[in-house]
Each structure stands twice: as C-alpha cells, then as structure tokens.
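Shown next, in structure tokens, is the structure this report addresses.
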Amino acid sequence: MSKKLPNHFVDLLFLDPPYNLSKNYNGSLFKQKSDASYTDWFRNILKCVQPLLKPNATIYVCADWATSALIAPILGEFFNVQNRITWEREKGRGAKRNWKNNTEDIWFCTKSDEYYFDVESVKLKRRVIAPYKKGGVPKDWKVESGEKFRITHPSNIWTDISVPFWSMPENTDHPTQKPEKLLAKLILASCPESGFVFDPFLGSGTSSVVAQKLGRLYSGIEIDKTYCCWAKKRLNLAKNDNSIQGYSGGVFWERNSQDHKTEKKNLGNKEQGLLLE
C-alpha cells in the first residue's frame, strides 16, 4: 500500500481494522487469530501506513476491549499514545455468565509531540441537572427555550453517540459501521480545515462522508465492491445534505437531545425516525 501512495500526505489517519473476532464482511470471513498472529498482522499495518503520515499527524485506532490489550503495546512502538477514548455504544448482546459488552475503545495517538488539536470545536452541550449560581448569577450555564444548558469540555468517555440504527439516514447493512457523529468529533478535533483524512479500512465510507461534509480532503481503501458502492452513494447524498445527527450550532449535543432551532423540522420527520439522537 505505502509503495503506491505518496509519503507524508495524511493529517488524520483513521484505523478501524477488523477486531480479533471472527466476522463476516459481506461474504468475506475474517477469522479470529492467535494473539501472536493478530499482533504481527496489526504491526504490519502500522508499518505500511507510517510513511504516509505528516510529521504532526494524528492517528485514531478503534478496538474492542480484548483487541485493545493486544494493540496497545504495538501502538506505543510506532506512535505517541496520548489517550484512550471509551465509547458507550448502548448496543450489545446480553450474556448469562458475563457483563454485557457495549463499549469500544478509540486510541488517540500522534506521530510526534507537535500535533493539531482544536478543543473548541468539539465542546459538548449538556442539560444542567443541578444548576448552581454564584452571587445570584448562573455559573457556567444559561437558559435556552426554557431549558438550562452548559457547554463542557470533551472527556475520554463518550456517552452521547448511538450506533447507527435502521431509521437513521446514514445507516447501512455494514456490520461494524461507525456513526457519523463519532467521526465528526475526531475530524474536527484533529484535522485542520482542508487537511487530509485517510482511512485504509473504509467500509461503508463514514470517514470520507464526514470529511466531505466538514470540508476536509479524504481518501479511503475498501476491498469489497458492495461497500464501495454504498460509500459512493453516501458521498453523492452528502453533496446536498451536510447535516450530522447530534451535531448542530457548532456543538455536539448529548444523546437524545437536539438543537431547538431544528426541533420543528425534526418533529416533521418523526414518522421517518429522523430525530437527532
């Protein structure tokens, strides 16, 4: 791969490779490997993509809890590991002899100590449960349309993003599709305007779709023709609709809340299930 692509062109690398689980990707079966085999496979991926990165590039890598344990040391071999984001998906199969698994990890890595990070672009808007006043004046919150809200800094625990479900316009039949809202956070925080987003496991195209909606350059690689068609269709639709569910007014809204400016519009689409998450 790296031999066919130019060096040092990527600002943001998004890696969502198959986790170390047996999974059917539209007829192509990825079989669970031994720990040693998976780590060798993953290490080779990083060797391929490392030359593509700009000196100040950022890398985000998705994994489940078991795969995280395997890849964490390898990420440290290639990059500076800055943090681990835990995403609560609110979806997962129940288990009789274990805790239900409904989280995934997103590793935040950089190529060097010099990197782009725009925290102001990824603030979260939350309802205030216990409003506090100082000298009779609201402290760090304000009232909008009769409700109290606070703009907060993002943490590494993400509870505001739902897995794309059947009634959401972005949903496809891809078995491991990531939400547009999740990619929007990563791109806004870690890729400057007109920067380049690269995804070598493109799937149904979420990273490229969101990059296009947010005015970034993008490229992706996908081996399955059906998934490529889904990605192309989504990119064409995004030319006329750059909205991202859960993100409006320059802030990310907590799960199951929305911008009051779009409330009437969304209520009109309620029958189609298009309410903001």
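Labels used: A, B, ... for chains in the order of the structure tokens, numbers from 1 for residues in each chain, and numbers from 1 for ligands as shown.
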
Name the residues in contact with region 102-115 of chain A at a cut-off of 9 Å, using only C-alpha atoms, excluding same-chain residues fewer than 6 positions from it; report them as a compact mmCIF listing (two decimals) with N, CA and C atoms, in the first residue's frame.
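Writing the result to result-v1.txt gives the following:
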```txt
# COMPACT_ATOMS: atom_id res chain seq x y z
N GLN A 50 2.66 4.14 8.32
CA GLN A 50 3.52 5.14 8.98
C GLN A 50 4.18 6.11 8.00
N LEU A 53 2.20 9.43 6.84
CA LEU A 53 1.79 10.45 7.80
C LEU A 53 2.68 11.69 7.75
N LYS A 54 2.04 12.85 7.89
CA LYS A 54 2.79 14.09 8.07
C LYS A 54 3.48 14.06 9.44
N PRO A 55 4.52 14.85 9.63
CA PRO A 55 5.23 14.84 10.92
C PRO A 55 4.35 15.15 12.12
N ASN A 56 3.29 15.95 11.90
CA ASN A 56 2.40 16.31 13.02
C ASN A 56 1.05 15.60 12.93
N ALA A 57 1.01 14.45 12.29
CA ALA A 57 -0.25 13.73 12.06
C ALA A 57 -0.81 13.12 13.34
N THR A 58 -2.12 12.89 13.30
CA THR A 58 -2.83 12.23 14.39
C THR A 58 -3.40 10.91 13.88
N ILE A 59 -3.43 9.92 14.78
CA ILE A 59 -3.92 8.59 14.45
C ILE A 59 -4.97 8.18 15.47
N TYR A 60 -6.11 7.73 14.98
CA TYR A 60 -7.14 7.16 15.85
C TYR A 60 -7.35 5.70 15.44
N VAL A 61 -7.36 4.80 16.43
CA VAL A 61 -7.47 3.37 16.15
C VAL A 61 -8.60 2.79 16.99
N CYS A 62 -9.54 2.12 16.33
CA CYS A 62 -10.69 1.53 17.01
C CYS A 62 -10.40 0.08 17.41
N ALA A 63 -10.97 -0.34 18.53
CA ALA A 63 -10.78 -1.71 19.00
C ALA A 63 -11.84 -2.05 20.04
N ASP A 64 -12.10 -3.35 20.21
CA ASP A 64 -12.90 -3.77 21.35
C ASP A 64 -11.94 -4.00 22.53
N TRP A 65 -12.47 -4.37 23.69
CA TRP A 65 -11.63 -4.45 24.89
C TRP A 65 -10.53 -5.50 24.75
N SER A 68 -7.90 -4.33 22.22
CA SER A 68 -7.11 -3.23 22.80
C SER A 68 -5.90 -3.74 23.56
N ALA A 72 -2.31 -2.18 22.15
CA ALA A 72 -1.78 -1.05 22.91
C ALA A 72 -0.25 -1.01 22.91
N LEU A 75 1.03 0.04 19.38
CA LEU A 75 0.84 1.46 19.11
C LEU A 75 1.97 2.29 19.73
N GLY A 76 2.39 1.89 20.93
CA GLY A 76 3.48 2.59 21.60
C GLY A 76 4.81 2.44 20.90
N PHE A 78 5.18 2.60 17.64
CA PHE A 78 5.18 3.44 16.44
C PHE A 78 4.84 4.90 16.72
N PHE A 79 3.98 5.13 17.71
CA PHE A 79 3.44 6.47 17.91
C PHE A 79 3.49 6.87 19.38
N ASN A 80 3.15 8.14 19.63
CA ASN A 80 2.94 8.62 20.99
C ASN A 80 1.46 8.40 21.35
N VAL A 81 1.21 7.55 22.31
CA VAL A 81 -0.17 7.29 22.73
C VAL A 81 -0.59 8.39 23.70
N GLN A 82 -1.57 9.18 23.30
CA GLN A 82 -1.99 10.33 24.09
C GLN A 82 -3.15 9.99 25.04
N ASN A 83 -4.03 9.09 24.62
CA ASN A 83 -5.21 8.81 25.44
C ASN A 83 -5.95 7.61 24.85
N ARG A 84 -6.90 7.12 25.62
CA ARG A 84 -7.81 6.09 25.13
C ARG A 84 -9.23 6.55 25.40
N ILE A 85 -9.99 6.70 24.34
CA ILE A 85 -11.39 7.08 24.44
C ILE A 85 -12.23 5.82 24.59
N THR A 86 -13.18 5.86 25.49
CA THR A 86 -14.12 4.75 25.63
C THR A 86 -15.49 5.22 25.16
N TRP A 87 -16.02 4.55 24.16
CA TRP A 87 -17.30 4.91 23.55
C TRP A 87 -18.37 3.93 24.02
N GLU A 88 -19.39 4.46 24.67
CA GLU A 88 -20.53 3.64 25.09
C GLU A 88 -21.52 3.58 23.93
N ARG A 89 -21.65 2.41 23.33
CA ARG A 89 -22.49 2.25 22.15
C ARG A 89 -23.97 2.10 22.48
N GLU A 90 -24.27 1.67 23.71
CA GLU A 90 -25.66 1.35 24.10
C GLU A 90 -26.24 0.27 23.19
N LYS A 91 -25.41 -0.65 22.80
CA LYS A 91 -25.87 -1.76 22.00
C LYS A 91 -24.92 -2.93 22.21
N GLY A 92 -25.46 -4.10 22.38
CA GLY A 92 -24.63 -5.27 22.57
C GLY A 92 -25.49 -6.46 22.99
N ARG A 93 -25.01 -7.64 22.75
CA ARG A 93 -25.76 -8.83 23.11
C ARG A 93 -25.62 -9.13 24.60
N SER A 190 -8.97 16.93 15.27
CA SER A 190 -7.60 16.55 14.92
C SER A 190 -7.22 16.71 13.46
```

Legend entry - Shell of 10 Å around Asn26 (chain A), only C-alpha atoms, local chain residues under 3 positions omitted, as a list in words: Lys23, Leu29, Asp173, His174, Pro175, Asp224, Lys225, Thr226 and Tyr227 of chain A

Find the residues around Ser208 (chain A) up to 9 Å (only C-alpha atoms counted), leave out those fewer than 6 positions away in its own chain, and share them as a CSV table (one decimal) with N, CA and C atoms, in the first residue's frame.
```csv
chain,number,residue,atom,x,y,z
A,197,VAL,N,-7.8,13.4,5.4
A,197,VAL,CA,-8.2,12.3,6.2
A,197,VAL,C,-8.0,11.0,5.4
A,198,PHE,N,-7.4,10.0,5.9
A,198,PHE,CA,-7.1,8.7,5.2
A,198,PHE,C,-7.6,7.6,6.0
A,199,ASP,N,-8.3,6.7,5.4
A,199,ASP,CA,-8.9,5.5,6.0
A,199,ASP,C,-8.7,4.3,5.2
A,202,LEU,N,-12.1,1.4,4.8
A,202,LEU,CA,-13.2,2.4,4.6
A,202,LEU,C,-14.5,1.9,4.9
A,216,ARG,N,-13.0,18.7,4.5
A,216,ARG,CA,-11.7,18.2,4.5
A,216,ARG,C,-11.5,17.3,3.3
A,217,LEU,N,-10.2,17.1,2.9
A,217,LEU,CA,-9.9,16.2,1.8
A,217,LEU,C,-9.9,14.8,2.4
A,218,TYR,N,-10.1,13.8,1.5
A,218,TYR,CA,-10.2,12.5,2.1
A,218,TYR,C,-9.8,11.4,1.0
A,219,SER,N,-9.5,10.3,1.5
A,219,SER,CA,-9.2,9.1,0.6
A,219,SER,C,-9.4,7.8,1.5
A,220,GLY,N,-9.9,6.8,0.9
A,220,GLY,CA,-10.1,5.5,1.6
A,220,GLY,C,-9.8,4.3,0.7
A,231,ALA,N,-20.5,3.5,-0.1
A,231,ALA,CA,-19.7,4.7,0.2
A,231,ALA,C,-19.9,5.8,-0.9
A,235,LEU,N,-21.6,9.5,-0.4
A,235,LEU,CA,-20.9,10.7,-0.8
A,235,LEU,C,-21.7,11.6,-1.7
```

Inset, instruction - Check the DSSP output for the backbone and give back, as a count of residues only, the residues of region 173-236 of chain A in alpha helix (DSSP H). - result: 31

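Among A:Tyr25, A:Phe14, A:Trp253, A:Phe165, the residue with the shortest atom-to-atom distance to Ser207 (chain A), counting only C-alpha atoms, is A:Phe14.
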
Legend entry - Atom pair CA of Phe196 (chain A) / CA of Tyr116 (chain A): separation (Å):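 CA of Tyr116 (chain A) lies 12.6 Å from CA of Phe196 (chain A).
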
Please provide the set of residues having any atom within 12 Å of Lys142 (chain A), restricted to only C-alpha atoms, with same-chain residues fewer than 6 positions apart removed, written as a PDB file with C-alpha atoms, in the first residue's frame.
```pdb
ATOM      1  CA  LYS A 125     -23.807  20.731  25.144  1.00  0.00           C
ATOM      2  CA  ARG A 126     -25.447  19.169  28.210  1.00  0.00           C
ATOM      3  CA  ARG A 127     -28.596  19.820  30.145  1.00  0.00           C
ATOM      4  CA  VAL A 128     -27.931  21.157  33.635  1.00  0.00           C
ATOM      5  CA  PRO A 131     -27.890  24.491  38.330  1.00  0.00           C
ATOM      6  CA  TYR A 132     -25.510  26.439  40.544  1.00  0.00           C
ATOM      7  CA  LYS A 133     -25.496  30.204  40.967  1.00  0.00           C
ATOM      8  CA  LYS A 148     -30.785  25.033  31.207  1.00  0.00           C
ATOM      9  CA  PHE A 149     -27.642  24.072  29.267  1.00  0.00           C
ATOM     10  CA  ARG A 150     -23.915  24.029  29.870  1.00  0.00           C
ATOM     11  CA  ILE A 151     -21.132  23.883  27.284  1.00  0.00           C
TER      12      ILE A 151
END
```

Inset, instruction - Quick one: everything within 8 Å of Lys178 (chain A), counting only C-alpha atoms, minus sequence neighbours fewer than 6 positions away in the same chain. Send it as a count of residues only. - result: 3

Inset, instruction - Identify, with DSSP run on backbone atoms, the residues in region 67-220 of chain A assigned to strand (DSSP E or B), and express the list as a PyMOL selection string. - result: chain A and resi 80-88+103-110+124-127+133-134+137-138+142-144+147-152+157-158+196-199+217-220

Inset, instruction - Select, from A:Ser34, A:Ser121, A:Asn171, A:Asn101, the residue with the minimum atom-to-atom distance to Ala189 (chain A), counting only C-alpha atoms. - result: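 Once distances to Ala189 (chain A) are computed over only C-alpha atoms, the minimum belongs to A:Ser121.
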
Legend entry - Straight-line distance linking CA of Ser28 (chain A) with CA of Phe42 (chain A), stated in Å to one decimal: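 Between these atoms lies a distance of 18.4 Å.
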